[in-house]
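Notes to accompany the following structure.
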Amino acid sequence: MGTILIDGHIIPFKPGDNILQAALEANLEIPHFCYHAALGSLGACRLCAVEITPKDSSKAPRIAMACLEPLEDGLEVSISAIAAQQVRQHVIEFLMINHPHDCPICDEGGECHLQDMTVACGPPYRRYRGRKRTFSNQNLGPLIHHEMNRCITCYRCTRFYQDYALGNDLGAMRLRNEVYFGRFQDGPLENPFAGNLVEICPTGVFTDAIFRQHFARVWDLKTAPSICPHCSVGCNTLPGARDGTLRRVRNRAHPELNRWFICDRGRYGHQYSEHSARPLAPRASGADTSYHDALTAAASQIKSAQDCIGGLGSAREDLEGNAMLQALLNTLGGIYTAFSDPELETATIAAVSSLQNTGNAPSLAEIELIDAALIIGDLTAYAPMIDLALRQAYRKGAKLALLHSSPTPLAQFATTAMTVSPQEMRTTLSRLYQLINAQSATEDMTETPMTDIVASLMGARKLLLIGAIETLTAQEVPILAKLATALGSDTRLAYAFSGANAYGAALLSPAGSAMVMLEAVEAGQIRILIVAGNDPLGDSRFGPRWRAACRNLSALIVLDCILTATAKAADILFPVAAWTERGGTFINYEGRAQGFAPVFHRPEYLPSVAEVITDLGQYLGHSLQAAPSVLGDIFSDFEIPKPGTTGSLIIAPSLPMPTTPPVHSAQESCSSMWQAALTSWYGDEALASFAPGLMVLIPETVAMIEPTSAIDAGIKNGSQIKLRGSSGSMVLPVQLNQGVATGTIAIARNVLAQLGVGHGDLLELEQVL
Amino acid sequence: MSWPTSIAKGITDMNNILKGLQKDLLHLPRTHPKRRATAIPAMQALQAELGYLDDAAIKKITQITGLSTAEVEELATFYSLIYRRPTGRHIVRICDSVCCSMRGADQLLTAAEEYIRTSLGTVTPDGALTVLPGICLGLCDKAPAALVDGEALGPLNDASLKALLQRLQKED
Ligand code: SF4
Ligand code: SF4
Ligand code: FES
Ligand code: FES
């Protein structure tokens, strides 16, 4: 560490930094385009010119590119020197030769780096009178709009897309002053992080195509610090709203989580809150009604059902909503849980119990620094930004080992990727545990991938074990935790949960209560079910049972901001505020409690779940405590985290590890049967499935089978097969895919639901000729 | 004879060469630099056979190298001796960089265009010729210079250019 002198200010620097980094760190702005903190220096734009005074006073000062110039103690730099200013002015003038004069109609206007730099350094007038170079634009799909004429060739887009996000369908084509940033042909960008091009491009080449459909100038947008509600990573976002509608979502940097980027689910999933079918008025007995009448109806139903009541919160509902629902149920003597799927409930609780209060789950910034990881399942679908963090670790040389039943994008970066059928996952994990405990990397060649994995895990210094909860069972979770312990105390453990607040929901839900509740509804012991942000009747393996059971109810009371199958079936429906329209708290996959603030309000009255439950309590004659004190009772000393802060680890009474019988034991597999595996993608999430832009990209519905098992069974790529499960059958085209485990058929969530099977259940297959 | 043409002439069995290149890459990681490095001789071999690379040829290179179409297109469009559009039997690249430009290259390009009555970068109707502007050939001492099917020529003037084009149009 030393110091340099910039325009007379003494600036400290870290070894390895360049002039630009040291200056930015000290809040001294040197104009620049191509340098980006996440991408580093390139020296392409030549805007960061500064003047360096040589130590030898007989020599003339020289101009250098600040982003490329290494630092040495005592270096004297001037940003304001006339010569440096002139270089910067000329660079801008050159860039503006071909740049269109279209700021008034450009979506970037008002937050355009080029606009800012031109005003800051450029000549006030254009001297060039010749023809400009022009390009044709490409159709890059529903999410990103392309205007190539605005490009200033800083290469940030391809450096982000190819080098950072490891995408391969966007490139820098051609050469000289004809360099073109685009795809081989028109078509949607395939990378799950493509939307970041909108922020990383310093001009208006890539802009948000969804925002464009209902555009507002940025200075007219209302914003507030928010948290992405679309998965358990809890990326920090900055939504923008105008005139009572939500227009867009941008990244808001968190020093340990999402620093510069968010995933496309987080950026574009927000369209759920503008969906035309979104419920905005309370409904009772099939007709719109007032909030007061809906509460009256709900209260009278609850009173007449006496104690027979259940409350189903949700892993995507905030901590306040879940805690208030639990408090109401406690008062009424009913059962509460946040999970409608008993298996997901136990798996989630098991995972939280193994992580809880330890702070062992690494942040995204820490994941980037690991040198080996064991990944179970498809992280891209359940925690896209964890996938992006692992891509950074891979770029730095980390060895990724992957166990998966259905295709996952991370497989292409894995040192060892092993397909394992859902039913074999448990034995595979146990075997890994044995091998690791045996300490000697057994040279048993028949177990090659396994011993490779063991070797890479045991050889690592910074190790991460991570699994996607939705495709893990409650039996597998403790094995993963044991594996982590066996690998040494530095081993980090994490799970990609289903639901932004799954961690918080697990802290509130007594293990086993989902099954108790389902059985009580089936037996008619629960007559009233209050569902807050959950969709028991929708696409899950228990959907058919819940649908049948709910016929026994005297009233289904639903609180939600999207029109789920359950909301459609509700006897009394309370539309609630979407995440951008209310404040609340989510606990992310690390156990970090983060607060979000309301960004705007709609003209309709849309209370939060916590508010509806409080009001319902009033109508029932119980005055519940306010959410902060309810939470304070459950989690001692808990303080609601302030939106915009980095949040902190929630300390909670420890959960016992739930004990459950093996899930698949009841089913004897026979040779004509195949196992079903859930295949998912980055847009597959309850809220995001109401975002029309993302849904254009939904992968086609196919049955994916591993090529050799398909050949053995005489099944060809593209042929039609009929799949039969416990509640139905479906004909699907076959797609051969190396990423599927042997004897397994990977199918999408809605297909599984229609067949009435879950991940790991058996399916019958019949060829259709 | 230009470098790509000369290797091309040495290629007896293009498919074997391409297969050999592909085999080398089989077990390399997806982002290994050798994949890009291999794309260039693969493109040259294919171009020697086809005259230029159409979209199908680009896809063939992706199969050989494991690169994506966008990654191959980056390389194909960066190198000016890789052609992404049909070319004539003979290719004349007239240098229009600084020295040649000062010595009349721009007029030569216009003259060539008028003479063959086909715009730069396209093929004459008889399939004989493609004239293109090119970048500095390192023949600045012979400005204005040109590269004709891999052979360097210069200095050119109106008359010698016309004679050249006339000769090439008659040749096979
Ligand atoms: S498209 Fe944008 S990010 Fe890419 S080089 Fe051009 S200006 Fe830079
Ligand atoms: S990774 Fe999860 S929290 Fe982050 S932006 Fe994507 S969906 Fe939202
Ligand atoms: S920021 Fe230094 S050259 Fe672009
Ligand atoms: S400028 Fe034409 S050969 Fe150098």
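For the structure tokens, the naming scheme is as follows: chains receive sequential letters (A, B, ...) according to their order of presentation, residues are indexed from 1 within each chain, and ligands are indexed from 1 in presentation order.
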| said: Any residue with an atom at most 6 Å from ligand 1 counts, using only C-alpha atoms and all ligand atoms. Which are they? Put them as a PyMOL selection string. | reply: chain A and resi 151-157+181+201-203+205
With chain B as the partner and 7 Å as the cut-off, tabulate the residues of chain A that qualify, each row holding the nearest pair of atoms and their distance in Å to one decimal, using only C-alpha atoms, sorted by chain and rising number, as JSON lines.
{"residue": "A:Asn168", "atom": "CA", "partner": "B:Ser68", "partner_atom": "CA", "distance": 6.0}
{"residue": "A:Asp169", "atom": "CA", "partner": "B:Ala70", "partner_atom": "CA", "distance": 5.2}
{"residue": "A:Leu170", "atom": "CA", "partner": "B:Ala70", "partner_atom": "CA", "distance": 6.0}
{"residue": "A:Gly171", "atom": "CA", "partner": "B:Ala70", "partner_atom": "CA", "distance": 5.6}
{"residue": "A:Ala172", "atom": "CA", "partner": "B:Glu74", "partner_atom": "CA", "distance": 5.7}
{"residue": "A:Met173", "atom": "CA", "partner": "B:Glu74", "partner_atom": "CA", "distance": 4.5}
{"residue": "A:Arg174", "atom": "CA", "partner": "B:Thr77", "partner_atom": "CA", "distance": 4.5}
{"residue": "A:Leu175", "atom": "CA", "partner": "B:Phe78", "partner_atom": "CA", "distance": 5.4}
{"residue": "A:Arg183", "atom": "CA", "partner": "B:Ala70", "partner_atom": "CA", "distance": 5.8}
{"residue": "A:Phe184", "atom": "CA", "partner": "B:Ala70", "partner_atom": "CA", "distance": 4.8}
| message | Env of Ile10 of chain A: 12 Å cut, atoms = only C-alpha atoms, seq-sep filter 2 positions within chain, self excluded. Answer as JSON, numbers by chain. | response | {"A": [2, 3, 4, 5, 6, 7, 8, 12, 13, 22, 23, 26, 28, 73, 74, 75, 76, 77, 78]}
Which of segment 535-737 of chain A end up as strand (DSSP E or B) when DSSP is run on this backbone - answer as an mmCIF file with C-alpha atoms, in the first residue's frame?
data_model
loop_
_atom_site.group_PDB
_atom_site.id
_atom_site.type_symbol
_atom_site.label_atom_id
_atom_site.label_comp_id
_atom_site.auth_asym_id
_atom_site.auth_seq_id
_atom_site.Cartn_x
_atom_site.Cartn_y
_atom_site.Cartn_z
ATOM 1 C CA ALA A 555 -64.803 -21.922 3.197
ATOM 2 C CA LEU A 556 -61.507 -21.464 1.415
ATOM 3 C CA ILE A 557 -60.161 -18.016 2.231
ATOM 4 C CA VAL A 558 -57.293 -16.911 0.020
ATOM 5 C CA LEU A 559 -54.943 -13.931 0.232
ATOM 6 C CA ASP A 560 -52.747 -13.447 -2.815
ATOM 7 C CA ILE A 572 -63.417 -15.492 -0.200
ATOM 8 C CA LEU A 573 -60.503 -13.804 -1.912
ATOM 9 C CA PHE A 574 -58.477 -10.933 -0.510
ATOM 10 C CA PRO A 575 -56.227 -9.399 -3.151
ATOM 11 C CA GLY A 584 -41.788 -6.493 4.727
ATOM 12 C CA THR A 585 -38.956 -8.868 5.526
ATOM 13 C CA PHE A 586 -37.528 -11.886 3.708
ATOM 14 C CA ILE A 587 -34.986 -14.332 5.113
ATOM 15 C CA ARG A 592 -30.035 -13.062 6.255
ATOM 16 C CA ALA A 593 -33.068 -10.986 7.190
ATOM 17 C CA GLN A 594 -33.546 -8.191 4.664
ATOM 18 C CA GLY A 595 -36.207 -5.514 4.628
ATOM 19 C CA PHE A 596 -37.978 -4.069 1.609
ATOM 20 C CA SER A 648 -28.187 -9.508 9.187
ATOM 21 C CA LEU A 649 -28.346 -13.153 10.176
ATOM 22 C CA MET A 673 -41.284 -48.251 -15.106
ATOM 23 C CA TRP A 674 -39.320 -45.050 -15.401
ATOM 24 C CA GLN A 675 -38.571 -42.479 -12.759
ATOM 25 C CA ALA A 676 -39.856 -38.982 -13.209
ATOM 26 C CA ALA A 677 -37.464 -36.093 -12.654
ATOM 27 C CA LEU A 678 -38.464 -32.455 -12.454
ATOM 28 C CA THR A 679 -36.790 -30.303 -15.068
ATOM 29 C CA ALA A 703 -40.052 -35.767 -22.343
ATOM 30 C CA MET A 704 -36.271 -35.781 -21.991
ATOM 31 C CA ILE A 705 -34.578 -39.169 -21.914
ATOM 32 C CA GLN A 720 -44.152 -39.653 -29.372
ATOM 33 C CA ILE A 721 -44.553 -41.409 -26.064
ATOM 34 C CA LYS A 722 -47.428 -41.700 -23.654
ATOM 35 C CA LEU A 723 -46.621 -41.228 -19.992
ATOM 36 C CA ARG A 724 -48.951 -42.425 -17.294
ATOM 37 C CA GLY A 725 -48.872 -41.396 -13.656
ATOM 38 C CA GLY A 728 -53.481 -38.985 -15.592
ATOM 39 C CA SER A 729 -51.605 -39.562 -18.800
ATOM 40 C CA MET A 730 -50.062 -37.382 -21.462
ATOM 41 C CA VAL A 731 -48.522 -37.806 -24.911
ATOM 42 C CA LEU A 732 -45.228 -35.972 -25.384
ATOM 43 C CA PRO A 733 -42.461 -35.803 -27.990
ATOM 44 C CA VAL A 734 -39.158 -37.356 -26.912
ATOM 45 C CA GLN A 735 -35.975 -35.319 -26.715
ATOM 46 C CA LEU A 736 -32.775 -37.260 -26.185
#
| said: Please return as a PyMOL selection string the residues found within 9 Å of ligand 2, counting only C-alpha atoms and all ligand atoms. | reply: chain A and resi 193+227-237+251+257-258+261-267+269+380-388+500+588+682-683+685+688
Selection export as a CSV table (one decimal), in the first residue's frame, atoms kept: N, CA and C atoms:
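Everything below was put into result_34.csv:
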chain,number,residue,atom,x,y,z
A,193,PHE,N,-28.7,-14.4,-17.7
A,193,PHE,CA,-28.3,-13.1,-17.2
A,193,PHE,C,-28.2,-12.0,-18.2
A,227,ILE,N,-36.4,-6.0,-2.4
A,227,ILE,CA,-35.7,-7.3,-2.4
A,227,ILE,C,-36.4,-8.1,-3.4
A,228,CYS,N,-35.7,-8.8,-4.3
A,228,CYS,CA,-36.3,-9.6,-5.3
A,228,CYS,C,-37.1,-10.7,-4.6
A,229,PRO,N,-38.4,-10.9,-5.0
A,229,PRO,CA,-39.2,-11.9,-4.4
A,229,PRO,C,-39.2,-13.3,-5.1
A,230,HIS,N,-38.3,-13.4,-6.1
A,230,HIS,CA,-38.4,-14.6,-7.0
A,230,HIS,C,-37.6,-15.8,-6.7
A,231,CYS,N,-36.7,-15.7,-5.7
A,231,CYS,CA,-36.0,-16.9,-5.2
A,231,CYS,C,-35.4,-16.6,-3.9
A,232,SER,N,-34.7,-17.6,-3.3
A,232,SER,CA,-34.2,-17.4,-2.0
A,232,SER,C,-32.9,-16.7,-1.9
A,233,VAL,N,-32.3,-16.3,-3.0
A,233,VAL,CA,-31.0,-15.5,-2.9
A,233,VAL,C,-31.2,-14.2,-2.3
A,234,GLY,N,-32.4,-13.5,-2.6
A,234,GLY,CA,-32.6,-12.2,-2.0
A,234,GLY,C,-31.8,-11.1,-2.5
A,235,CYS,N,-31.7,-11.1,-3.8
A,235,CYS,CA,-30.9,-10.0,-4.5
A,235,CYS,C,-31.6,-8.7,-4.2
A,236,ASN,N,-30.8,-7.6,-4.1
A,236,ASN,CA,-31.4,-6.3,-3.8
A,236,ASN,C,-31.7,-5.6,-5.1
A,237,THR,N,-32.9,-5.0,-5.1
A,237,THR,CA,-33.3,-4.4,-6.4
A,237,THR,C,-33.8,-3.0,-6.2
A,251,ASN,N,-30.9,-3.6,-10.9
A,251,ASN,CA,-30.1,-4.1,-9.8
A,251,ASN,C,-29.8,-3.0,-8.8
A,257,LEU,N,-24.0,-9.7,-1.7
A,257,LEU,CA,-24.9,-10.5,-2.5
A,257,LEU,C,-24.7,-10.0,-4.0
A,258,ASN,N,-25.8,-9.6,-4.6
A,258,ASN,CA,-25.7,-9.2,-6.0
A,258,ASN,C,-25.0,-7.8,-6.0
A,261,PHE,N,-25.1,-7.3,-10.7
A,261,PHE,CA,-26.0,-8.0,-11.6
A,261,PHE,C,-27.1,-8.6,-10.9
A,262,ILE,N,-28.2,-8.8,-11.6
A,262,ILE,CA,-29.3,-9.7,-11.2
A,262,ILE,C,-29.6,-10.7,-12.3
A,263,CYS,N,-30.4,-11.6,-12.1
A,263,CYS,CA,-30.8,-12.6,-13.1
A,263,CYS,C,-32.0,-12.1,-13.9
A,264,ASP,N,-32.3,-12.7,-15.0
A,264,ASP,CA,-33.5,-12.2,-15.8
A,264,ASP,C,-34.8,-12.5,-15.1
A,265,ARG,N,-34.9,-13.5,-14.3
A,265,ARG,CA,-36.1,-13.8,-13.6
A,265,ARG,C,-36.4,-12.6,-12.6
A,266,GLY,N,-35.3,-12.1,-12.0
A,266,GLY,CA,-35.5,-11.0,-11.1
A,266,GLY,C,-35.8,-9.7,-11.8
A,267,ARG,N,-35.2,-9.6,-13.0
A,267,ARG,CA,-35.4,-8.3,-13.7
A,267,ARG,C,-36.7,-8.2,-14.5
A,269,GLY,N,-39.4,-10.8,-14.0
A,269,GLY,CA,-40.5,-11.4,-13.3
A,269,GLY,C,-41.5,-10.5,-12.8
A,380,THR,N,-29.4,-23.2,-11.5
A,380,THR,CA,-29.8,-22.2,-12.4
A,380,THR,C,-31.3,-21.9,-12.2
A,381,ALA,N,-32.1,-23.0,-12.0
A,381,ALA,CA,-33.5,-22.8,-11.9
A,381,ALA,C,-34.0,-22.3,-10.6
A,382,TYR,N,-33.2,-22.6,-9.5
A,382,TYR,CA,-33.7,-22.3,-8.2
A,382,TYR,C,-33.0,-21.1,-7.5
A,383,ALA,N,-31.8,-20.8,-8.0
A,383,ALA,CA,-31.1,-19.7,-7.4
A,383,ALA,C,-30.1,-19.2,-8.5
A,384,PRO,N,-30.7,-18.5,-9.5
A,384,PRO,CA,-29.9,-18.2,-10.7
A,384,PRO,C,-28.6,-17.4,-10.3
A,385,MET,N,-28.6,-16.5,-9.3
A,385,MET,CA,-27.4,-15.8,-9.0
A,385,MET,C,-26.4,-16.6,-8.3
A,386,ILE,N,-26.8,-17.7,-7.7
A,386,ILE,CA,-25.7,-18.6,-7.2
A,386,ILE,C,-25.0,-19.3,-8.3
A,387,ASP,N,-25.8,-19.6,-9.4
A,387,ASP,CA,-25.2,-20.1,-10.6
A,387,ASP,C,-24.1,-19.1,-11.1
A,388,LEU,N,-24.5,-17.8,-11.2
A,388,LEU,CA,-23.6,-16.8,-11.7
A,388,LEU,C,-22.3,-16.7,-10.8
A,500,ALA,N,-38.8,-17.0,-1.8
A,500,ALA,CA,-37.9,-16.0,-1.3
A,500,ALA,C,-37.7,-16.0,0.2
A,588,ASN,N,-33.2,-14.8,3.5
A,588,ASN,CA,-32.7,-15.4,2.3
A,588,ASN,C,-32.0,-16.8,2.6
A,682,TYR,N,-34.8,-21.1,-15.6
A,682,TYR,CA,-34.7,-20.0,-14.8
A,682,TYR,C,-36.0,-19.1,-14.7
A,683,GLY,N,-36.9,-19.3,-15.5
A,683,GLY,CA,-38.2,-18.5,-15.5
A,683,GLY,C,-39.3,-19.3,-14.7
A,685,GLU,N,-41.1,-20.1,-11.8
A,685,GLU,CA,-41.3,-19.7,-10.4
A,685,GLU,C,-42.7,-19.2,-10.4
A,688,ALA,N,-43.1,-15.4,-11.3
A,688,ALA,CA,-42.6,-15.1,-12.6
A,688,ALA,C,-43.4,-15.8,-13.7
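Going from atom CA of Val696 of chain A over to atom CA of Gly141 of chain A, you cover 8.7 Å.
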Could you give me, as a PDB file with N, CA and C atoms, in the first residue's frame, every polymer residue with an atom at most 10 Å away from an atom of ligand 4, counting only C-alpha atoms and all ligand atoms?
ATOM      1  N   ILE B  94      -7.850  -4.358 -53.601  1.00  0.00           N
ATOM      2  CA  ILE B  94      -7.086  -3.131 -53.806  1.00  0.00           C
ATOM      3  C   ILE B  94      -6.936  -2.435 -52.458  1.00  0.00           C
ATOM      4  N   CYS B  95      -5.698  -2.176 -52.071  1.00  0.00           N
ATOM      5  CA  CYS B  95      -5.456  -1.560 -50.766  1.00  0.00           C
ATOM      6  C   CYS B  95      -5.976  -0.132 -50.744  1.00  0.00           C
ATOM      7  N   ASP B  96      -6.713   0.207 -49.692  1.00  0.00           N
ATOM      8  CA  ASP B  96      -7.164   1.603 -49.572  1.00  0.00           C
ATOM      9  C   ASP B  96      -6.693   2.214 -48.258  1.00  0.00           C
ATOM     10  N   SER B  97      -5.618   1.674 -47.692  1.00  0.00           N
ATOM     11  CA  SER B  97      -5.082   2.286 -46.479  1.00  0.00           C
ATOM     12  C   SER B  97      -4.278   3.547 -46.849  1.00  0.00           C
ATOM     13  N   VAL B  98      -3.697   4.174 -45.840  1.00  0.00           N
ATOM     14  CA  VAL B  98      -3.207   5.557 -46.007  1.00  0.00           C
ATOM     15  C   VAL B  98      -2.365   5.793 -47.274  1.00  0.00           C
ATOM     16  N   CYS B  99      -1.249   5.045 -47.425  1.00  0.00           N
ATOM     17  CA  CYS B  99      -0.338   5.352 -48.537  1.00  0.00           C
ATOM     18  C   CYS B  99      -1.019   5.162 -49.883  1.00  0.00           C
ATOM     19  N   CYS B 100      -1.695   4.019 -50.003  1.00  0.00           N
ATOM     20  CA  CYS B 100      -2.334   3.718 -51.271  1.00  0.00           C
ATOM     21  C   CYS B 100      -3.445   4.716 -51.568  1.00  0.00           C
ATOM     22  N   SER B 101      -4.140   5.091 -50.501  1.00  0.00           N
ATOM     23  CA  SER B 101      -5.219   6.058 -50.671  1.00  0.00           C
ATOM     24  C   SER B 101      -4.659   7.378 -51.195  1.00  0.00           C
ATOM     25  N   MET B 102      -3.496   7.796 -50.632  1.00  0.00           N
ATOM     26  CA  MET B 102      -2.877   9.051 -51.078  1.00  0.00           C
ATOM     27  C   MET B 102      -2.396   8.957 -52.523  1.00  0.00           C
ATOM     28  N   ARG B 103      -2.095   7.726 -52.944  1.00  0.00           N
ATOM     29  CA  ARG B 103      -1.596   7.558 -54.303  1.00  0.00           C
ATOM     30  C   ARG B 103      -2.701   7.109 -55.257  1.00  0.00           C
ATOM     31  N   ALA B 105      -5.715   5.155 -54.658  1.00  0.00           N
ATOM     32  CA  ALA B 105      -6.458   3.891 -54.547  1.00  0.00           C
ATOM     33  C   ALA B 105      -7.961   4.091 -54.692  1.00  0.00           C
ATOM     34  N   GLY B 134      -9.052  -3.380 -49.613  1.00  0.00           N
ATOM     35  CA  GLY B 134      -8.332  -4.179 -48.618  1.00  0.00           C
ATOM     36  C   GLY B 134      -7.524  -3.271 -47.718  1.00  0.00           C
ATOM     37  N   ILE B 135      -6.949  -3.862 -46.673  1.00  0.00           N
ATOM     38  CA  ILE B 135      -6.123  -3.048 -45.777  1.00  0.00           C
ATOM     39  C   ILE B 135      -4.654  -3.183 -46.139  1.00  0.00           C
ATOM     40  N   CYS B 136      -3.852  -2.309 -45.556  1.00  0.00           N
ATOM     41  CA  CYS B 136      -2.435  -2.207 -45.897  1.00  0.00           C
ATOM     42  C   CYS B 136      -1.782  -3.573 -46.073  1.00  0.00           C
ATOM     43  N   LEU B 137      -1.096  -3.749 -47.200  1.00  0.00           N
ATOM     44  CA  LEU B 137      -0.478  -5.030 -47.538  1.00  0.00           C
ATOM     45  C   LEU B 137       0.996  -5.041 -47.185  1.00  0.00           C
ATOM     46  N   GLY B 138       1.454  -3.946 -46.604  1.00  0.00           N
ATOM     47  CA  GLY B 138       2.887  -3.842 -46.347  1.00  0.00           C
ATOM     48  C   GLY B 138       3.646  -3.557 -47.632  1.00  0.00           C
ATOM     49  N   LEU B 139       2.943  -3.087 -48.647  1.00  0.00           N
ATOM     50  CA  LEU B 139       3.578  -2.785 -49.939  1.00  0.00           C
ATOM     51  C   LEU B 139       3.483  -1.296 -50.207  1.00  0.00           C
ATOM     52  N   CYS B 140       3.595  -0.525 -49.136  1.00  0.00           N
ATOM     53  CA  CYS B 140       3.378   0.915 -49.260  1.00  0.00           C
ATOM     54  C   CYS B 140       4.365   1.516 -50.256  1.00  0.00           C
ATOM     55  N   ASP B 141       5.551   0.890 -50.384  1.00  0.00           N
ATOM     56  CA  ASP B 141       6.518   1.393 -51.351  1.00  0.00           C
ATOM     57  C   ASP B 141       6.023   1.196 -52.783  1.00  0.00           C
ATOM     58  N   LYS B 142       5.070   0.296 -52.946  1.00  0.00           N
ATOM     59  CA  LYS B 142       4.543   0.054 -54.291  1.00  0.00           C
ATOM     60  C   LYS B 142       3.131   0.609 -54.423  1.00  0.00           C
ATOM     61  N   ALA B 143       2.783   1.572 -53.608  1.00  0.00           N
ATOM     62  CA  ALA B 143       1.420   2.098 -53.608  1.00  0.00           C
ATOM     63  C   ALA B 143       1.104   2.747 -54.958  1.00  0.00           C
ATOM     64  N   PRO B 144      -0.141   2.638 -55.399  1.00  0.00           N
ATOM     65  CA  PRO B 144      -1.237   1.829 -54.874  1.00  0.00           C
ATOM     66  C   PRO B 144      -1.060   0.349 -55.234  1.00  0.00           C
ATOM     67  N   ALA B 145      -1.221  -0.480 -54.227  1.00  0.00           N
ATOM     68  CA  ALA B 145      -0.936  -1.898 -54.405  1.00  0.00           C
ATOM     69  C   ALA B 145      -2.217  -2.732 -54.328  1.00  0.00           C
ATOM     70  N   ALA B 146      -2.094  -3.969 -54.776  1.00  0.00           N
ATOM     71  CA  ALA B 146      -3.249  -4.875 -54.721  1.00  0.00           C
ATOM     72  C   ALA B 146      -2.765  -6.296 -54.500  1.00  0.00           C
ATOM     73  N   LEU B 147      -3.685  -7.112 -54.013  1.00  0.00           N
ATOM     74  CA  LEU B 147      -3.405  -8.524 -53.811  1.00  0.00           C
ATOM     75  C   LEU B 147      -4.341  -9.265 -54.763  1.00  0.00           C
ATOM     76  N   ALA B 152       0.998 -10.345 -54.849  1.00  0.00           N
ATOM     77  CA  ALA B 152       1.080  -8.908 -54.637  1.00  0.00           C
ATOM     78  C   ALA B 152       1.452  -8.193 -55.932  1.00  0.00           C
ATOM     79  N   LEU B 153       0.775  -7.062 -56.197  1.00  0.00           N
ATOM     80  CA  LEU B 153       1.041  -6.291 -57.411  1.00  0.00           C
ATOM     81  C   LEU B 153       1.108  -4.811 -57.065  1.00  0.00           C
ATOM     82  N   GLY B 154       1.938  -4.048 -57.782  1.00  0.00           N
ATOM     83  CA  GLY B 154       1.945  -2.605 -57.573  1.00  0.00           C
ATOM     84  C   GLY B 154       3.192  -2.002 -58.144  1.00  0.00           C
ATOM     85  N   PRO B 155       3.245  -0.734 -58.392  1.00  0.00           N
ATOM     86  CA  PRO B 155       2.083   0.159 -58.317  1.00  0.00           C
ATOM     87  C   PRO B 155       1.156  -0.026 -59.517  1.00  0.00           C
TER      88      PRO B 155
END
| Close residues to ligand 3 using only C-alpha atoms and all ligand atoms, limit 8 Å, as a ChimeraX atom specification | /A:20,31-36,41-49,65-68,154
